[in-house]
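Asker: Take a look at model.pdb, PDB, C-alpha atoms:
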```
MODEL        1
ATOM      1  CA  MET A1277      10.462 -54.242 -30.092
ATOM      2  CA  THR A1278      13.931 -53.168 -31.195
ATOM      3  CA  ARG A1279      16.866 -52.987 -28.799
ATOM      4  CA  ILE A1280      16.808 -49.169 -28.911
ATOM      5  CA  ALA A1281      13.071 -49.089 -28.176
ATOM      6  CA  ARG A1282      13.527 -51.499 -25.236
ATOM      7  CA  LEU A1283      16.319 -49.327 -23.809
ATOM      8  CA  GLY A1284      14.096 -46.229 -24.157
ATOM      9  CA  ALA A1285      11.234 -47.915 -22.340
ATOM     10  CA  LEU A1286      13.574 -49.066 -19.574
ATOM     11  CA  ALA A1287      14.948 -45.550 -19.146
ATOM     12  CA  GLY A1288      11.407 -44.206 -18.811
ATOM     13  CA  LEU A1289      10.585 -46.750 -16.097
ATOM     14  CA  LEU A1290      13.776 -45.910 -14.186
ATOM     15  CA  THR A1291      13.030 -42.174 -14.366
ATOM     16  CA  ALA A1292       9.516 -42.724 -13.017
ATOM     17  CA  ALA A1293      10.866 -44.863 -10.181
ATOM     18  CA  LEU A1294      13.430 -42.210  -9.221
ATOM     19  CA  VAL A1295      10.728 -39.541  -9.129
ATOM     20  CA  LEU A1296       8.672 -41.676  -6.754
ATOM     21  CA  VAL A1297      11.705 -42.193  -4.495
ATOM     22  CA  VAL A1298      12.985 -38.595  -4.489
ATOM     23  CA  LEU A1299       9.715 -36.674  -4.243
ATOM     24  CA  PRO A1300       7.962 -36.986  -0.863
ATOM     25  CA  SER A1301       4.343 -37.978  -0.799
ATOM     26  CA  VAL A1302       2.114 -35.086   0.376
ATOM     27  CA  PRO A1303      -1.200 -36.151   1.895
ATOM     28  CA  PRO A1304      -4.190 -34.522   0.152
ATOM     29  CA  ALA A1305      -5.283 -32.748   3.353
ATOM     30  CA  GLU A1306      -1.850 -31.167   3.838
ATOM     31  CA  ALA A1307      -1.674 -30.135   0.193
ATOM     32  CA  ALA A1308      -5.096 -28.504   0.457
ATOM     33  CA  ALA A1309      -4.043 -26.723   3.677
ATOM     34  CA  GLY A1310      -0.927 -25.398   1.954
ATOM     35  CA  ARG A1311      -2.965 -24.078  -0.937
ATOM     36  CA  GLY A1312      -5.383 -22.498   1.529
ATOM     37  CA  ALA A1313      -2.567 -20.730   3.403
ATOM     38  CA  ILE A1314      -1.101 -19.392   0.168
ATOM     39  CA  GLY A1315      -4.548 -18.243  -0.920
ATOM     40  CA  ALA A1316      -5.113 -16.434   2.386
ATOM     41  CA  ARG A1317      -1.785 -14.617   2.112
ATOM     42  CA  VAL A1318      -2.368 -13.628  -1.499
ATOM     43  CA  ALA A1319      -5.888 -12.393  -0.747
ATOM     44  CA  PHE A1320      -4.633 -10.277   2.167
ATOM     45  CA  HIS A1321      -1.737  -8.936   0.098
ATOM     46  CA  ASP A1322      -4.120  -7.933  -2.703
ATOM     47  CA  ALA A1323      -6.632  -6.369  -0.297
ATOM     48  CA  MET A1324      -3.906  -4.197   1.251
ATOM     49  CA  ARG A1325      -2.786  -3.096  -2.198
ATOM     50  CA  ARG A1326      -6.364  -2.189  -3.098
ATOM     51  CA  LEU A1327      -6.742   0.016  -0.009
ATOM     52  CA  TRP A1328      -3.548   1.931  -0.702
ATOM     53  CA  GLU A1329      -4.360   2.244  -4.388
ATOM     54  CA  ASP A1330      -7.669   3.792  -3.317
ATOM     55  CA  HIS A1331      -5.624   6.176  -1.178
ATOM     56  CA  ILE A1332      -3.614   7.519  -4.108
ATOM     57  CA  VAL A1333      -6.525   7.449  -6.570
ATOM     58  CA  TRP A1334      -8.785   9.558  -4.351
ATOM     59  CA  THR A1335      -5.886  11.797  -3.303
ATOM     60  CA  ARG A1336      -5.280  12.458  -6.988
ATOM     61  CA  GLN A1337      -8.953  13.116  -7.597
ATOM     62  CA  PHE A1338      -8.916  15.603  -4.715
ATOM     63  CA  ILE A1339      -5.871  17.348  -6.189
ATOM     64  CA  VAL A1340      -7.551  17.581  -9.589
ATOM     65  CA  SER A1341     -10.739  18.957  -7.985
ATOM     66  CA  ALA A1342      -8.952  21.446  -5.734
ATOM     67  CA  ALA A1343      -6.050  22.613  -7.906
ATOM     68  CA  THR A1344      -8.087  24.889 -10.165
ATOM     69  CA  GLU A1345      -7.426  28.573 -10.678
ATOM     70  CA  SER A1346     -10.899  29.663  -9.595
ATOM     71  CA  GLY A1347     -12.569  27.801  -6.764
ATOM     72  CA  ASN A1348     -12.923  24.023  -6.764
ATOM     73  CA  LEU A1349     -14.652  21.597  -9.063
ATOM     74  CA  ALA A1350     -18.222  20.760  -8.093
ATOM     75  CA  ASP A1351     -17.268  17.251  -6.981
ATOM     76  CA  ILE A1352     -14.923  18.453  -4.219
ATOM     77  CA  GLY A1353     -17.359  17.568  -1.394
ATOM     78  CA  PRO A1354     -18.090  13.938  -2.365
ATOM     79  CA  THR A1355     -14.450  13.473  -3.367
ATOM     80  CA  THR A1356     -13.259  14.649   0.041
ATOM     81  CA  ASP A1357     -15.773  12.360   1.778
ATOM     82  CA  ARG A1358     -14.596   9.356  -0.239
ATOM     83  CA  LEU A1359     -10.953  10.153   0.433
ATOM     84  CA  LEU A1360     -11.540  10.445   4.175
ATOM     85  CA  ALA A1361     -13.521   7.200   4.149
ATOM     86  CA  ASN A1362     -10.424   5.492   2.773
ATOM     87  CA  GLN A1363      -8.448   6.561   5.836
ATOM     88  CA  ALA A1364     -11.019   4.779   8.017
ATOM     89  CA  ASP A1365     -10.759   1.725   5.758
ATOM     90  CA  LEU A1366      -6.995   1.649   6.252
ATOM     91  CA  GLY A1367      -7.343   1.916  10.019
ATOM     92  CA  ASN A1368     -10.050  -0.747  10.057
ATOM     93  CA  ALA A1369      -7.744  -3.137   8.187
ATOM     94  CA  LEU A1370      -5.403  -3.084  11.189
ATOM     95  CA  GLU A1371      -8.073  -3.675  13.849
ATOM     96  CA  PRO A1372      -8.311  -7.487  13.526
ATOM     97  CA  PHE A1373      -4.603  -7.702  14.381
ATOM     98  CA  TYR A1374      -3.932  -4.783  16.726
ATOM     99  CA  GLY A1375      -7.303  -3.843  18.180
ATOM    100  CA  GLU A1376      -9.790  -1.027  17.812
ATOM    101  CA  ALA A1377      -7.733   1.599  19.629
ATOM    102  CA  ALA A1378      -4.741   1.084  17.340
ATOM    103  CA  GLY A1379      -6.937   1.184  14.250
ATOM    104  CA  ASP A1380      -8.594   4.383  15.422
ATOM    105  CA  GLN A1381      -5.212   5.983  16.128
ATOM    106  CA  VAL A1382      -3.927   5.228  12.632
ATOM    107  CA  THR A1383      -7.191   6.461  11.103
ATOM    108  CA  ALA A1384      -6.905   9.752  12.992
ATOM    109  CA  LEU A1385      -3.305  10.236  11.875
ATOM    110  CA  LEU A1386      -4.220   9.462   8.262
ATOM    111  CA  ARG A1387      -7.119  11.935   8.398
ATOM    112  CA  ASP A1388      -4.632  14.589   9.536
ATOM    113  CA  HIS A1389      -2.397  13.547   6.628
ATOM    114  CA  ILE A1390      -5.214  14.288   4.169
ATOM    115  CA  LEU A1391      -6.516  17.457   5.830
ATOM    116  CA  THR A1392      -3.004  18.914   6.084
ATOM    117  CA  ALA A1393      -2.400  18.179   2.393
ATOM    118  CA  ALA A1394      -5.580  20.120   1.655
ATOM    119  CA  ARG A1395      -4.176  23.053   3.658
ATOM    120  CA  ILE A1396      -1.011  23.003   1.521
ATOM    121  CA  ILE A1397      -3.044  23.193  -1.687
ATOM    122  CA  ALA A1398      -5.280  25.973  -0.334
ATOM    123  CA  ALA A1399      -2.267  28.023   0.793
ATOM    124  CA  ALA A1400      -0.508  27.501  -2.547
ATOM    125  CA  LYS A1401      -3.580  28.647  -4.480
ATOM    126  CA  ALA A1402      -3.763  31.748  -2.285
ATOM    127  CA  GLY A1403      -0.095  32.551  -2.859
ATOM    128  CA  ASP A1404       0.557  32.189   0.887
ATOM    129  CA  SER A1405       4.173  30.983   1.016
ATOM    130  CA  ALA A1406       4.323  31.067   4.802
ATOM    131  CA  GLY A1407       1.131  29.036   4.969
ATOM    132  CA  VAL A1408       2.539  26.483   2.536
ATOM    133  CA  ASP A1409       5.734  26.147   4.585
ATOM    134  CA  ALA A1410       3.845  25.755   7.867
ATOM    135  CA  ALA A1411       1.430  23.188   6.461
ATOM    136  CA  ALA A1412       4.239  21.256   4.751
ATOM    137  CA  ALA A1413       6.217  21.099   8.005
ATOM    138  CA  ALA A1414       3.145  19.792   9.820
ATOM    139  CA  TRP A1415       2.554  17.285   6.990
ATOM    140  CA  TYR A1416       6.020  15.764   7.259
ATOM    141  CA  ALA A1417       5.800  15.705  11.064
ATOM    142  CA  ASN A1418       2.505  13.861  10.767
ATOM    143  CA  ALA A1419       4.151  11.298   8.458
ATOM    144  CA  HIS A1420       6.731  10.605  11.146
ATOM    145  CA  ASP A1421       3.941  10.208  13.701
ATOM    146  CA  ILE A1422       2.303   7.619  11.426
ATOM    147  CA  ALA A1423       5.627   5.795  11.150
ATOM    148  CA  VAL A1424       6.049   5.785  14.940
ATOM    149  CA  ALA A1425       2.517   4.459  15.454
ATOM    150  CA  LEU A1426       2.987   1.636  12.947
ATOM    151  CA  ASN A1427       6.439   0.748  14.250
ATOM    152  CA  GLY A1428       4.988   0.437  17.752
ATOM    153  CA  LEU A1429       2.548  -2.187  16.483
ATOM    154  CA  ASN A1430       5.092  -4.336  14.642
ATOM    155  CA  PRO A1431       8.666  -3.278  15.437
ATOM    156  CA  ASP A1432      10.331  -6.461  14.179
ATOM    157  CA  ASN A1433       8.840  -6.282  10.696
ATOM    158  CA  TRP A1434       8.249  -2.534  10.322
ATOM    159  CA  PRO A1435      11.518  -0.798  11.293
ATOM    160  CA  LEU A1436      11.012   2.883  12.038
ATOM    161  CA  ALA A1437      13.702   3.977   9.568
ATOM    162  CA  ASP A1438      12.054   2.008   6.763
ATOM    163  CA  LEU A1439       8.610   3.412   7.559
ATOM    164  CA  ASP A1440       9.976   6.947   7.746
ATOM    165  CA  ALA A1441      11.639   6.518   4.356
ATOM    166  CA  MET A1442       8.502   5.033   2.764
ATOM    167  CA  LEU A1443       6.230   7.779   4.063
ATOM    168  CA  ARG A1444       8.681  10.553   3.213
ATOM    169  CA  ASP A1445       8.920   9.251  -0.354
ATOM    170  CA  HIS A1446       5.118   9.148  -0.543
ATOM    171  CA  LEU A1447       4.891  12.785   0.563
ATOM    172  CA  ASP A1448       7.689  13.933  -1.744
ATOM    173  CA  LEU A1449       6.009  12.336  -4.752
ATOM    174  CA  THR A1450       2.534  13.571  -3.819
ATOM    175  CA  LEU A1451       3.860  17.096  -3.360
ATOM    176  CA  ALA A1452       5.511  16.940  -6.789
ATOM    177  CA  GLU A1453       2.199  15.773  -8.254
ATOM    178  CA  ALA A1454       0.242  18.607  -6.625
ATOM    179  CA  VAL A1455       2.756  21.297  -7.589
ATOM    180  CA  ALA A1456       2.848  20.123 -11.200
ATOM    181  CA  ARG A1457      -0.960  20.171 -11.302
ATOM    182  CA  LEU A1458      -1.152  23.660  -9.799
ATOM    183  CA  GLN A1459       1.399  24.935 -12.317
ATOM    184  CA  GLY A1460      -0.385  23.356 -15.271
ATOM    185  CA  ARG A1461       2.484  20.971 -16.049
ATOM    186  CA  TYR A1462       0.130  18.109 -16.787
ATOM    187  CA  ALA A1463       2.671  15.715 -18.309
ATOM    188  CA  ASP A1464       4.812  16.082 -15.175
ATOM    189  CA  ASP A1465       1.701  15.690 -13.037
ATOM    190  CA  ILE A1466       0.864  12.370 -14.736
ATOM    191  CA  ALA A1467       4.460  11.158 -14.528
ATOM    192  CA  ALA A1468       4.482  11.924 -10.801
ATOM    193  CA  TYR A1469       1.308   9.923 -10.314
ATOM    194  CA  ASP A1470       2.855   6.942 -12.096
ATOM    195  CA  ARG A1471       5.798   7.089  -9.673
ATOM    196  CA  ILE A1472       3.383   7.358  -6.741
ATOM    197  CA  HIS A1473       1.547   4.258  -7.935
ATOM    198  CA  GLY A1474       4.679   2.137  -7.986
ATOM    199  CA  GLN A1475       5.861   3.455  -4.619
ATOM    200  CA  ILE A1476       2.547   2.934  -2.835
ATOM    201  CA  LEU A1477       2.451  -0.713  -3.931
ATOM    202  CA  GLU A1478       5.861  -1.191  -2.330
ATOM    203  CA  MET A1479       4.563   0.337   0.890
ATOM    204  CA  ALA A1480       1.396  -1.775   0.831
ATOM    205  CA  ASP A1481       3.497  -4.913   0.357
ATOM    206  CA  MET A1482       5.754  -3.937   3.245
ATOM    207  CA  LEU A1483       2.707  -3.605   5.494
ATOM    208  CA  SER A1484       0.990  -6.817   4.408
ATOM    209  CA  ASP A1485       4.245  -8.812   4.525
ATOM    210  CA  GLY A1486       4.883  -7.506   8.023
ATOM    211  CA  ILE A1487       1.456  -8.530   9.292
ATOM    212  CA  ILE A1488       1.728 -11.991   7.713
ATOM    213  CA  ALA A1489       5.169 -12.466   9.313
ATOM    214  CA  GLN A1490       3.896 -11.292  12.719
ATOM    215  CA  PHE A1491       0.730 -13.405  12.656
ATOM    216  CA  PRO A1492       1.577 -16.507  10.589
ATOM    217  CA  ALA A1493      -1.097 -18.626  12.279
ATOM    218  CA  ARG A1494      -3.801 -16.287  10.935
ATOM    219  CA  PHE A1495      -2.774 -17.224   7.397
ATOM    220  CA  ALA A1496      -2.125 -20.930   7.891
ATOM    221  CA  ARG A1497      -5.610 -22.118   6.981
TER     222      ARG A1497
ENDMDL
END
```
Do you think you could lay out the structure here as structure tokens?
Answerer:
Amino acid sequence: MTRIARLGALAGLLTAALVLVVLPSVPPAEAAAGRGAIGARVAFHDAMRRLWEDHIVWTRQFIVSAATESGNLADIGPTTDRLLANQADLGNALEPFYGEAAGDQVTALLRDHILTAARIIAAAKAGDSAGVDAAAAAWYANAHDIAVALNGLNPDNWPLADLDAMLRDHLDLTLAEAVARLQGRYADDIAAYDRIHGQILEMADMLSDGIIAQFPARFAR
């Protein structure tokens, strides 16, 4: 072996020794537990995203079915049922952490959110400006009520101002989507939905991150 080769081999041995000294040894059980905790958090994060993506997908489908010049599309009944079922799914996702009463309260508020949005679309189709204004005012008030309810469950991780801002943005974007659809501005309608999609993922992450921070032991195994 040449002198250069011997020096290279020695350097490799020294590097390996330093790695063994610097890096702590993690027992297999602890490493597996860490992977399990990460997996639990990721699975919960993804499940929350899926629920809120369902929310905007079925809201959009309702808008498409309802925002027609004459009547509604034939799928309006099943679409409405599926959309309302999603509100129960969202409330049920909170029950393991906050109890049945809290889940039911959020479900009821979310149902009002959907039913009031339907009133806005119906009034707009009828050319009832006063009806649109009244329903829109009730819609935004309901969003604040949702924010208050959620803040009461997790005030440290879900500040009321942040929830209010998230929900107001969601309503602003959804209203822009519905108006564009009603006016036949389909490119704007699609662009609005794309913005809604990005925003709702931010809101879903805020909610899942807040629950994980509030109940870390639930995600430690």
Asker: Starting from the shown file, work through the PyMOL selection byres ((chain A and resi 1399) around 12) and note down what comes out as a ChimeraX atom specification.
Answerer: /A:1342-1343,1392-1398,1400-1412,1455,1458
Asker: Taking the file as shown, find all residues satisfying the PyMOL selection byres ((chain A and resi 1382) around 8) and write them as a PDB file with C-alpha atoms, in the coordinates of the input.
Answerer:
```pdb
ATOM      1  CA  LEU A1366      -6.995   1.649   6.252  1.00  0.00           C
ATOM      2  CA  GLY A1367      -7.343   1.916  10.019  1.00  0.00           C
ATOM      3  CA  ALA A1378      -4.741   1.084  17.340  1.00  0.00           C
ATOM      4  CA  GLY A1379      -6.937   1.184  14.250  1.00  0.00           C
ATOM      5  CA  ASP A1380      -8.594   4.383  15.422  1.00  0.00           C
ATOM      6  CA  GLN A1381      -5.212   5.983  16.128  1.00  0.00           C
ATOM      7  CA  THR A1383      -7.191   6.461  11.103  1.00  0.00           C
ATOM      8  CA  ALA A1384      -6.905   9.752  12.992  1.00  0.00           C
ATOM      9  CA  LEU A1385      -3.305  10.236  11.875  1.00  0.00           C
ATOM     10  CA  LEU A1386      -4.220   9.462   8.262  1.00  0.00           C
ATOM     11  CA  ILE A1422       2.303   7.619  11.426  1.00  0.00           C
ATOM     12  CA  ALA A1425       2.517   4.459  15.454  1.00  0.00           C
ATOM     13  CA  LEU A1426       2.987   1.636  12.947  1.00  0.00           C
TER      14      LEU A1426
END
```
Asker: Nearest residue to Glu1453 in chain A out of A:Leu1477, A:Ile1332, A:Leu1483, A:Leu1359, using only C-alpha atoms?
Answerer: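 Distance minimum relative to Glu1453 in chain A lands on A:Ile1332.
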Asker: Using the chain letters and numbers from the file, give me the residues hit by the PyMOL selection byres ((chain A and resi 1467-1475) around 7), as JSON, numbers by chain.
Answerer: {"A": [1446, 1449, 1450, 1452, 1453, 1463, 1464, 1465, 1466, 1476, 1477, 1478, 1479]}
Asker: Do you have the CA of Ile1314 in chain A-CA of Asp1330 in chain A distance handy?
Answerer: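 Value for the CA of Ile1314 in chain A-CA of Asp1330 in chain A distance: 24.3 Å.
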Asker: Determine the nearest neighbour of Arg1444 in chain A from the options A:Ala1419, A:Ala1364, A:Val1318, A:Met1482, counting only C-alpha atoms.
Answerer: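 The shortest atom-to-atom distance to Arg1444 in chain A comes from A:Ala1419.
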Asker: What is the distance between CA of Leu1391 in chain A and CA of Gln1337 in chain A, in Å to one decimal?
Answerer: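 Straight-line distance from CA of Leu1391 in chain A to CA of Gln1337 in chain A works out to 14.3 Å.
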Asker: What does the distance from CA of Leu1447 in chain A to CA of Leu1370 in chain A come to in Å, to one decimal?
Answerer: 21.7 Å
Asker: Ranking A:Met1324, A:Leu1360, A:Val1333, A:Ala1417 by minimum distance to Asp1485 in chain A and counting all atoms listed in the file, which one comes first?
Answerer: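 The answer is A:Met1324, which sits nearest to Asp1485 in chain A.
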